[in-house]
$ cat run04.cif   # mmCIF, C-alpha atoms
data_model
#
loop_
_atom_site.label_atom_id
_atom_site.label_comp_id
_atom_site.auth_asym_id
_atom_site.auth_seq_id
_atom_site.Cartn_x
_atom_site.Cartn_y
_atom_site.Cartn_z
CA MET M 528 -20.40 28.84 -40.50
CA SER M 529 -20.03 27.75 -36.91
CA THR M 530 -20.50 24.23 -35.70
CA ASN M 531 -22.13 23.50 -32.42
CA ILE M 532 -20.17 20.83 -30.57
CA GLU M 533 -21.97 19.07 -27.75
CA ALA M 534 -20.22 18.91 -24.40
CA PRO M 535 -18.92 15.36 -23.87
CA ARG M 536 -21.05 13.00 -21.82
CA SER M 537 -23.85 15.51 -21.57
CA GLY M 538 -27.12 13.80 -20.89
CA ARG M 539 -27.55 10.14 -21.73
CA ILE M 540 -24.86 8.31 -23.63
CA SER M 541 -25.99 6.83 -26.89
CA PRO M 542 -26.08 3.01 -26.72
CA ARG M 543 -23.65 3.04 -29.64
CA TYR M 544 -20.96 4.29 -27.29
CA THR M 545 -21.52 2.11 -24.26
CA ARG M 546 -18.49 -0.13 -24.16
CA SER M 547 -19.67 -3.10 -22.15
CA LYS M 548 -22.84 -4.84 -23.25
CA SER M 549 -22.85 -7.36 -20.42
CA GLY M 550 -23.26 -4.63 -17.85
CA LYS M 551 -20.42 -4.59 -15.33
CA GLY M 552 -22.55 -2.10 -13.46
CA ASN M 553 -20.66 0.57 -11.61
CA PHE M 554 -17.80 -1.68 -10.51
CA GLU M 555 -15.04 0.59 -11.84
CA MET M 556 -16.60 3.64 -10.21
CA PHE M 557 -16.77 1.85 -6.86
CA ALA M 558 -13.18 0.66 -7.31
CA TRP M 559 -12.11 4.26 -7.97
CA LEU M 560 -14.01 5.48 -4.89
CA PHE M 561 -12.64 2.63 -2.74
CA MET M 562 -9.06 3.61 -3.64
CA ARG M 563 -9.64 7.14 -2.31
CA ILE M 564 -11.49 6.15 0.88
CA SER M 565 -9.19 3.24 1.78
CA GLY M 566 -6.17 5.36 0.85
CA VAL M 567 -7.01 8.07 3.37
CA LEU M 568 -7.69 5.44 6.09
CA LEU M 569 -4.44 3.61 5.25
CA VAL M 570 -2.41 6.80 5.74
CA VAL M 571 -3.63 6.92 9.36
CA LEU M 572 -3.37 3.15 9.93
CA ILE M 573 0.10 2.70 8.42
CA PHE M 574 1.68 5.89 9.78
CA THR M 575 0.61 4.85 13.27
CA HIS M 576 1.92 1.32 12.61
CA LEU M 577 5.31 2.71 11.50
CA ILE M 578 5.57 5.09 14.47
CA MET M 579 4.68 2.33 16.95
CA ASN M 580 7.06 -0.25 15.43
CA LEU M 581 9.99 1.71 13.96
CA VAL M 582 10.17 5.08 15.75
CA LEU M 583 9.11 4.69 19.38
CA GLY M 584 11.08 2.66 21.93
CA ASP M 585 14.13 0.95 20.45
CA GLY M 586 12.75 1.01 16.89
CA ILE M 587 13.21 -2.08 14.77
CA LYS M 588 15.68 -3.61 17.25
CA ALA M 589 12.83 -4.03 19.74
CA ILE M 590 10.71 -6.18 17.43
CA ASP M 591 10.53 -9.84 18.38
CA PHE M 592 7.90 -12.41 19.34
CA GLY M 593 7.33 -10.78 22.73
CA PHE M 594 6.73 -7.39 21.06
CA VAL M 595 4.05 -8.83 18.75
CA ALA M 596 2.45 -10.79 21.59
CA GLY M 597 2.37 -7.67 23.75
CA LYS M 598 0.62 -5.71 21.02
CA TRP M 599 -1.93 -8.40 20.15
CA ALA M 600 -2.81 -8.83 23.83
CA SER M 601 -4.88 -5.70 23.19
CA PRO M 602 -8.03 -6.05 21.04
CA LEU M 603 -7.35 -2.54 19.74
CA TRP M 604 -4.16 -3.62 17.93
CA GLN M 605 -5.76 -6.87 16.76
CA VAL M 606 -8.56 -4.93 15.08
CA TRP M 607 -6.09 -2.27 13.90
CA ASP M 608 -3.89 -4.85 12.18
CA LEU M 609 -6.91 -6.72 10.80
CA VAL M 610 -8.39 -3.60 9.20
CA MET M 611 -4.94 -2.58 7.93
CA LEU M 612 -4.42 -6.04 6.41
CA TRP M 613 -7.73 -6.09 4.56
CA LEU M 614 -7.66 -2.49 3.35
CA ALA M 615 -4.00 -2.60 2.30
CA MET M 616 -4.41 -5.91 0.44
CA LEU M 617 -7.57 -4.79 -1.38
CA HIS M 618 -6.07 -1.36 -2.17
CA GLY M 619 -2.85 -2.95 -3.43
CA THR M 620 -4.64 -5.66 -5.39
CA ASN M 621 -6.84 -3.11 -7.13
CA GLY M 622 -3.78 -1.00 -7.94
CA VAL M 623 -1.90 -3.95 -9.45
CA ARG M 624 -5.09 -4.99 -11.31
CA THR M 625 -5.14 -1.53 -12.91
CA ILE M 626 -1.48 -1.82 -13.88
CA ILE M 627 -2.02 -5.28 -15.42
CA ASN M 628 -4.99 -3.94 -17.39
CA ASP M 629 -2.84 -1.04 -18.62
CA TYR M 630 0.25 -2.92 -19.75
CA ALA M 631 -0.67 -6.52 -20.59
CA GLU M 632 -2.00 -6.34 -24.13
CA LYS M 633 -3.02 -9.95 -24.78
CA ASN M 634 -6.34 -11.08 -23.30
CA SER M 635 -4.84 -14.36 -22.12
CA THR M 636 -1.84 -12.63 -20.50
CA ARG M 637 -4.13 -10.26 -18.62
CA MET M 638 -6.34 -13.12 -17.52
CA TRP M 639 -3.42 -15.20 -16.20
CA LEU M 640 -1.70 -12.32 -14.43
CA LYS M 641 -4.94 -11.37 -12.70
CA THR M 642 -5.64 -14.99 -11.77
CA VAL M 643 -2.25 -15.20 -10.05
CA LEU M 644 -2.83 -11.80 -8.41
CA TYR M 645 -6.26 -12.74 -7.01
CA ALA M 646 -5.01 -16.13 -5.80
CA ALA M 647 -2.14 -14.43 -3.93
CA THR M 648 -4.56 -11.88 -2.47
CA VAL M 649 -6.94 -14.54 -1.14
CA VAL M 650 -4.09 -16.59 0.36
CA ILE M 651 -2.52 -13.58 2.08
CA ILE M 652 -5.79 -12.16 3.45
CA VAL M 653 -6.97 -15.55 4.76
CA LEU M 654 -3.56 -16.38 6.24
CA GLY M 655 -3.15 -12.98 7.90
CA THR M 656 -6.68 -13.05 9.34
CA LEU M 657 -6.19 -16.55 10.74
CA VAL M 658 -2.85 -15.58 12.29
CA ILE M 659 -4.37 -12.58 14.08
CA PHE M 660 -7.29 -14.58 15.49
CA THR M 661 -5.59 -17.90 16.32
CA PHE M 662 -2.45 -16.31 17.78
CA ASP M 663 -1.22 -17.86 21.04
CA PRO M 664 0.96 -15.40 23.01
CA CYS M 665 2.30 -18.14 25.32
CA PRO M 666 2.95 -21.22 23.14
CA ALA M 667 4.48 -24.38 24.64
CA ASN M 668 7.35 -24.56 22.11
CA ALA M 669 9.20 -21.56 23.55
CA THR M 670 11.66 -20.65 26.25
CA LEU M 671 10.55 -18.14 28.86
CA ASP M 672 12.88 -15.39 27.60
CA GLN M 673 11.16 -15.48 24.18
CA LEU M 674 7.73 -14.88 25.67
CA PRO M 675 5.99 -11.71 26.84
CA SER M 676 6.19 -11.02 30.57
CA PHE M 677 2.53 -11.87 31.23
CA CYS M 678 2.97 -15.57 30.30
CA PRO M 679 2.85 -17.97 33.29
CA ALA M 680 6.08 -19.82 34.07
CA PRO M 681 5.95 -23.35 32.59
CA MET R 1295 2.98 -0.52 -40.28
CA SER R 1296 4.75 -0.79 -36.99
CA LYS R 1297 2.75 -2.05 -34.04
CA LEU R 1298 4.79 0.12 -31.71
CA PRO R 1299 3.13 3.29 -30.47
CA ALA R 1300 4.69 6.45 -31.84
CA GLY R 1301 5.51 7.65 -28.34
CA THR R 1302 4.37 7.02 -24.83
CA LEU R 1303 5.29 10.35 -23.26
CA TYR R 1304 1.94 11.94 -22.52
CA ARG R 1305 2.16 15.54 -21.34
CA GLY R 1306 5.27 14.90 -19.28
CA ARG R 1307 6.18 17.29 -16.54
CA GLU R 1308 5.12 17.05 -12.91
CA GLY R 1309 1.71 15.49 -13.53
CA GLN R 1310 3.02 12.50 -15.45
CA TRP R 1311 6.15 11.93 -13.39
CA SER R 1312 4.23 11.97 -10.13
CA TRP R 1313 1.87 9.40 -11.68
CA VAL R 1314 4.85 7.21 -12.64
CA ALA R 1315 6.33 7.54 -9.14
CA HIS R 1316 2.93 6.70 -7.59
CA ARG R 1317 2.74 3.46 -9.65
CA ILE R 1318 6.30 2.38 -8.92
CA THR R 1319 6.05 3.05 -5.17
CA GLY R 1320 2.65 1.33 -5.10
CA VAL R 1321 3.99 -1.87 -6.67
CA VAL R 1322 7.05 -1.88 -4.37
CA ILE R 1323 4.84 -1.48 -1.29
CA PHE R 1324 2.46 -4.22 -2.48
CA PHE R 1325 5.22 -6.80 -2.91
CA PHE R 1326 6.69 -5.90 0.47
CA LEU R 1327 3.21 -6.31 2.00
CA LEU R 1328 2.97 -9.88 0.66
CA VAL R 1329 6.34 -10.75 2.23
CA HIS R 1330 5.52 -8.88 5.43
CA VAL R 1331 2.31 -10.87 6.05
CA LEU R 1332 4.27 -14.09 5.45
CA ASP R 1333 7.07 -13.16 7.87
CA THR R 1334 4.59 -12.05 10.54
CA SER R 1335 2.73 -15.34 10.10
CA LEU R 1336 5.76 -17.09 11.57
CA VAL R 1337 4.51 -16.04 15.03
CA ARG R 1338 2.06 -18.91 14.50
CA VAL R 1339 4.92 -21.39 13.87
CA SER R 1340 7.13 -20.67 16.88
CA PRO R 1341 8.69 -17.70 18.69
CA GLU R 1342 12.10 -18.92 17.56
CA ALA R 1343 11.16 -19.06 13.85
CA TYR R 1344 9.74 -15.53 14.05
CA ASN R 1345 12.73 -14.12 15.93
CA VAL R 1346 15.24 -15.63 13.50
CA VAL R 1347 13.48 -14.23 10.40
CA ILE R 1348 12.70 -10.83 11.92
CA GLY R 1349 16.35 -10.72 13.03
CA ALA R 1350 17.25 -10.55 9.33
CA TYR R 1351 15.50 -7.17 9.16
CA LYS R 1352 17.86 -5.73 11.77
CA ASN R 1353 21.18 -5.67 9.93
CA PRO R 1354 22.35 -2.40 8.32
CA ILE R 1355 21.67 -3.45 4.71
CA MET R 1356 18.07 -4.43 5.46
CA GLY R 1357 17.85 -1.28 7.60
CA LEU R 1358 18.61 0.82 4.53
CA GLY R 1359 15.98 -1.20 2.68
CA GLU R 1360 13.48 -0.25 5.39
CA LEU R 1361 14.43 3.40 4.93
CA GLY R 1362 13.72 3.01 1.20
CA LEU R 1363 10.42 1.30 1.97
CA VAL R 1364 9.37 4.06 4.37
CA ALA R 1365 10.39 6.64 1.74
CA ALA R 1366 8.16 4.85 -0.82
CA ILE R 1367 5.23 4.62 1.63
CA VAL R 1368 5.46 8.27 2.67
CA PHE R 1369 5.61 9.48 -0.94
CA HIS R 1370 2.68 7.24 -1.92
CA ALA R 1371 0.68 8.47 1.09
CA PHE R 1372 1.29 12.21 0.56
CA ASN R 1373 0.87 12.01 -3.21
CA GLY R 1374 -2.27 9.91 -2.68
CA ILE R 1375 -3.75 12.72 -0.59
CA ARG R 1376 -2.83 15.07 -3.46
CA VAL R 1377 -4.72 12.79 -5.88
CA VAL R 1378 -7.77 12.85 -3.58
CA LEU R 1379 -7.59 16.65 -3.47
CA ILE R 1380 -7.29 16.85 -7.26
CA ASP R 1381 -10.41 14.68 -7.58
CA PHE R 1382 -12.57 16.16 -4.83
CA TRP R 1383 -11.39 19.72 -4.18
CA LYS R 1384 -12.74 22.32 -6.59
CA LYS R 1385 -9.39 24.02 -6.98
CA GLY R 1386 -7.39 20.75 -6.86
CA PRO R 1387 -6.65 20.48 -10.61
CA LYS R 1388 -5.58 24.13 -10.74
CA TYR R 1389 -3.06 23.69 -7.93
CA GLN R 1390 -1.92 20.12 -8.71
CA ARG R 1391 1.63 21.27 -9.53
CA GLN R 1392 2.03 23.37 -6.40
CA MET R 1393 0.60 20.49 -4.37
CA LEU R 1394 3.23 18.15 -5.83
CA TRP R 1395 6.02 20.43 -4.58
CA GLY R 1396 4.23 20.47 -1.23
CA VAL R 1397 4.25 16.66 -1.30
CA VAL R 1398 7.96 16.55 -2.16
CA GLY R 1399 8.78 19.09 0.58
CA LEU R 1400 6.79 17.28 3.29
CA TRP R 1401 8.21 13.97 2.09
CA ALA R 1402 11.81 15.27 2.40
CA VAL R 1403 11.21 16.64 5.90
CA THR R 1404 9.57 13.38 7.03
CA ILE R 1405 12.32 11.17 5.59
CA ILE R 1406 15.11 13.31 7.05
CA GLY R 1407 13.38 13.08 10.44
CA PHE R 1408 12.92 9.32 10.12
CA SER R 1409 16.55 8.84 9.01
CA ILE R 1410 17.82 10.70 12.08
CA ARG R 1411 15.87 8.21 14.20
CA HIS R 1412 16.37 5.01 12.18
CA ILE R 1413 19.99 5.13 10.93
CA PRO R 1414 21.61 5.26 14.40
CA ILE R 1415 19.40 2.30 15.42
CA ILE R 1416 20.44 0.09 12.50
CA PHE R 1417 24.13 0.98 12.62
CA GLY R 1418 24.46 1.26 16.38
CA GLY R 1419 24.77 -1.62 18.77
CA HIS R 1420 21.52 -0.55 20.26
#
$ encode --input "run04.cif" --output "structure tokens"
Amino acid sequence: MSTNIEAPRSGRISPRYTRSKSGKGNFEMFAWLFMRISGVLLVVLIFTHLIMNLVLGDGIKAIDFGFVAGKWASPLWQVWDLVMLWLAMLHGTNGVRTIINDYAEKNSTRMWLKTVLYAATVVIIVLGTLVIFTFDPCPANATLDQLPSFCPAP
Amino acid sequence: MSKLPAGTLYRGREGQWSWVAHRITGVVIFFFLLVHVLDTSLVRVSPEAYNVVIGAYKNPIMGLGELGLVAAIVFHAFNGIRVVLIDFWKKGPKYQRQMLWGVVGLWAVTIIGFSIRHIPIIFGGH
């Protein structure tokens, strides 16, 4: 006597098997999709960032205040770094959220770890965004040799 | 009865180990990112503060750390593309193992190339 076994998840899922009653909607599906889309974009954003900052010119030895000021004088690199900041932080936060959900077994432990994670994420994204947009390439508290060449002599 | 699971080794082999490596490199990159935004934020304090802290990245020990970080990023990037292909390409699951060896090969070539560029910079005077 053969038994007919239904293919899993074929058609509608019986309400008995829906795990979350309070309807989280499709959040986890969007999170999964976001990881793939942001991941592909981050490969381009970060590889370019690494080539610009570590490979070309004098590599890491060339990085100082003047180097950063020279880059952020261009709106292209401001937007580049802004998009990279937001995508990388959200991608990383979602990855660590997944890891916390996988390994922290107690509800309270998971809740606390994720609270700390989200707090750090908000602080870093807000701080980074403010730094990019309020950056002054020619501040008064500097000597001329620390500044990019386009700054007027004091 | 023991609360401990009987074993945590799933199917093992390339699939599981690449997943482990993807998690570890991801966490390493995330924690560096937090520090990296903080150090870059020093440009808002003063040029001197930024230059002093970024100067710490230029000694040989930190330079080797940067090589390790770049190695983690490049693996995570290439393996991430493999994950996308497994999920979205019809033949992705069938070729996941071959794609992992492709990832490892491309990763090795990239890191050797980067080392040739980076190591003389961090150990040389200039």
$ atom_distance --input "run04.cif" --atom1 "atom CA of Trp599 of chain M" --atom2 "atom CA of Ile1416 of chain R"
25.1 Å
$ resolve_selection --input "run04.cif" --expression "the PyMOL selection byres ((chain R and resi 1366) around 12)" --output "PyMOL selection string"
chain R and resi 1315-1324+1326+1359-1365+1367-1374+1398+1401-1402+1404-1405
$ atom_distance --input "run04.cif" --atom1 "atom CA of Gly619 of chain M" --atom2 "atom CA of Leu1332 of chain R"
15.9 Å
$ interface_residues --input "run04.cif" --of "chain R" --to "chain M" --cutoff "7 Å" --atoms "all atoms listed in the file" --output "JSON, numbers by chain"
{"R": [1321, 1324, 1328, 1331, 1335, 1337, 1338, 1340, 1341, 1344, 1345, 1348, 1352, 1371, 1374, 1375, 1378, 1411, 1415]}
$ atom_distance --input "run04.cif" --atom1 "atom CA of His1330 of chain R" --atom2 "atom CA of Gly1399 of chain R"
28.6 Å
$ decode --input "run04.cif" --residues "segment 1325-1349 of chain R" --atoms "N, CA and C atoms" --output "tab-separated table (two decimals), in the first residue's frame"
chain	number	residue	atom	x	y	z
R	1325	PHE	N	32.64	44.28	13.37
R	1325	PHE	CA	33.28	44.97	14.50
R	1325	PHE	C	34.33	45.96	14.01
R	1326	PHE	N	35.06	45.60	12.94
R	1326	PHE	CA	35.99	46.58	12.40
R	1326	PHE	C	35.23	47.82	11.91
R	1327	LEU	N	34.09	47.60	11.26
R	1327	LEU	CA	33.31	48.73	10.73
R	1327	LEU	C	32.92	49.71	11.83
R	1328	LEU	N	32.50	49.17	13.00
R	1328	LEU	CA	32.15	50.06	14.12
R	1328	LEU	C	33.36	50.93	14.49
R	1329	VAL	N	34.53	50.30	14.62
R	1329	VAL	CA	35.74	51.04	15.00
R	1329	VAL	C	36.12	52.03	13.90
R	1330	HIS	N	35.97	51.60	12.65
R	1330	HIS	CA	36.40	52.41	11.51
R	1330	HIS	C	35.57	53.70	11.38
R	1331	VAL	N	34.27	53.61	11.68
R	1331	VAL	CA	33.44	54.83	11.65
R	1331	VAL	C	33.87	55.75	12.78
R	1332	LEU	N	34.18	55.17	13.95
R	1332	LEU	CA	34.63	56.00	15.08
R	1332	LEU	C	35.96	56.68	14.76
R	1333	ASP	N	36.93	55.95	14.21
R	1333	ASP	CA	38.22	56.60	13.92
R	1333	ASP	C	38.07	57.67	12.84
R	1334	THR	N	37.26	57.39	11.81
R	1334	THR	CA	37.06	58.41	10.77
R	1334	THR	C	36.36	59.64	11.33
R	1335	SER	N	35.51	59.44	12.33
R	1335	SER	CA	34.79	60.58	12.92
R	1335	SER	C	35.72	61.60	13.55
R	1336	LEU	N	36.96	61.18	13.84
R	1336	LEU	CA	37.91	62.12	14.42
R	1336	LEU	C	38.26	63.27	13.47
R	1337	VAL	N	37.96	63.15	12.18
R	1337	VAL	CA	38.18	64.29	11.28
R	1337	VAL	C	37.34	65.49	11.73
R	1338	ARG	N	36.27	65.19	12.49
R	1338	ARG	CA	35.38	66.25	12.97
R	1338	ARG	C	35.91	66.88	14.26
R	1339	VAL	N	36.89	66.20	14.91
R	1339	VAL	CA	37.48	66.74	16.14
R	1339	VAL	C	38.60	67.71	15.76
R	1340	SER	N	39.65	67.17	15.13
R	1340	SER	CA	40.72	68.04	14.63
R	1340	SER	C	41.60	67.22	13.69
R	1341	PRO	N	42.27	67.88	12.75
R	1341	PRO	CA	43.18	67.15	11.87
R	1341	PRO	C	44.25	66.40	12.66
R	1342	GLU	N	44.72	67.01	13.76
R	1342	GLU	CA	45.76	66.36	14.53
R	1342	GLU	C	45.26	65.06	15.16
R	1343	ALA	N	44.06	65.11	15.78
R	1343	ALA	CA	43.49	63.90	16.41
R	1343	ALA	C	43.36	62.79	15.37
R	1344	TYR	N	42.86	63.13	14.19
R	1344	TYR	CA	42.69	62.11	13.14
R	1344	TYR	C	44.03	61.53	12.72
R	1345	ASN	N	45.01	62.42	12.48
R	1345	ASN	CA	46.31	61.97	11.99
R	1345	ASN	C	47.03	61.07	12.99
R	1346	VAL	N	46.88	61.39	14.29
R	1346	VAL	CA	47.53	60.58	15.32
R	1346	VAL	C	46.92	59.17	15.33
R	1347	VAL	N	45.59	59.09	15.31
R	1347	VAL	CA	44.94	57.77	15.41
R	1347	VAL	C	45.13	56.97	14.12
R	1348	ILE	N	45.01	57.62	12.97
R	1348	ILE	CA	45.19	56.90	11.71
R	1348	ILE	C	46.65	56.48	11.56
R	1349	GLY	N	47.55	57.24	12.20
R	1349	GLY	CA	48.97	56.86	12.19
R	1349	GLY	C	49.19	55.49	12.81
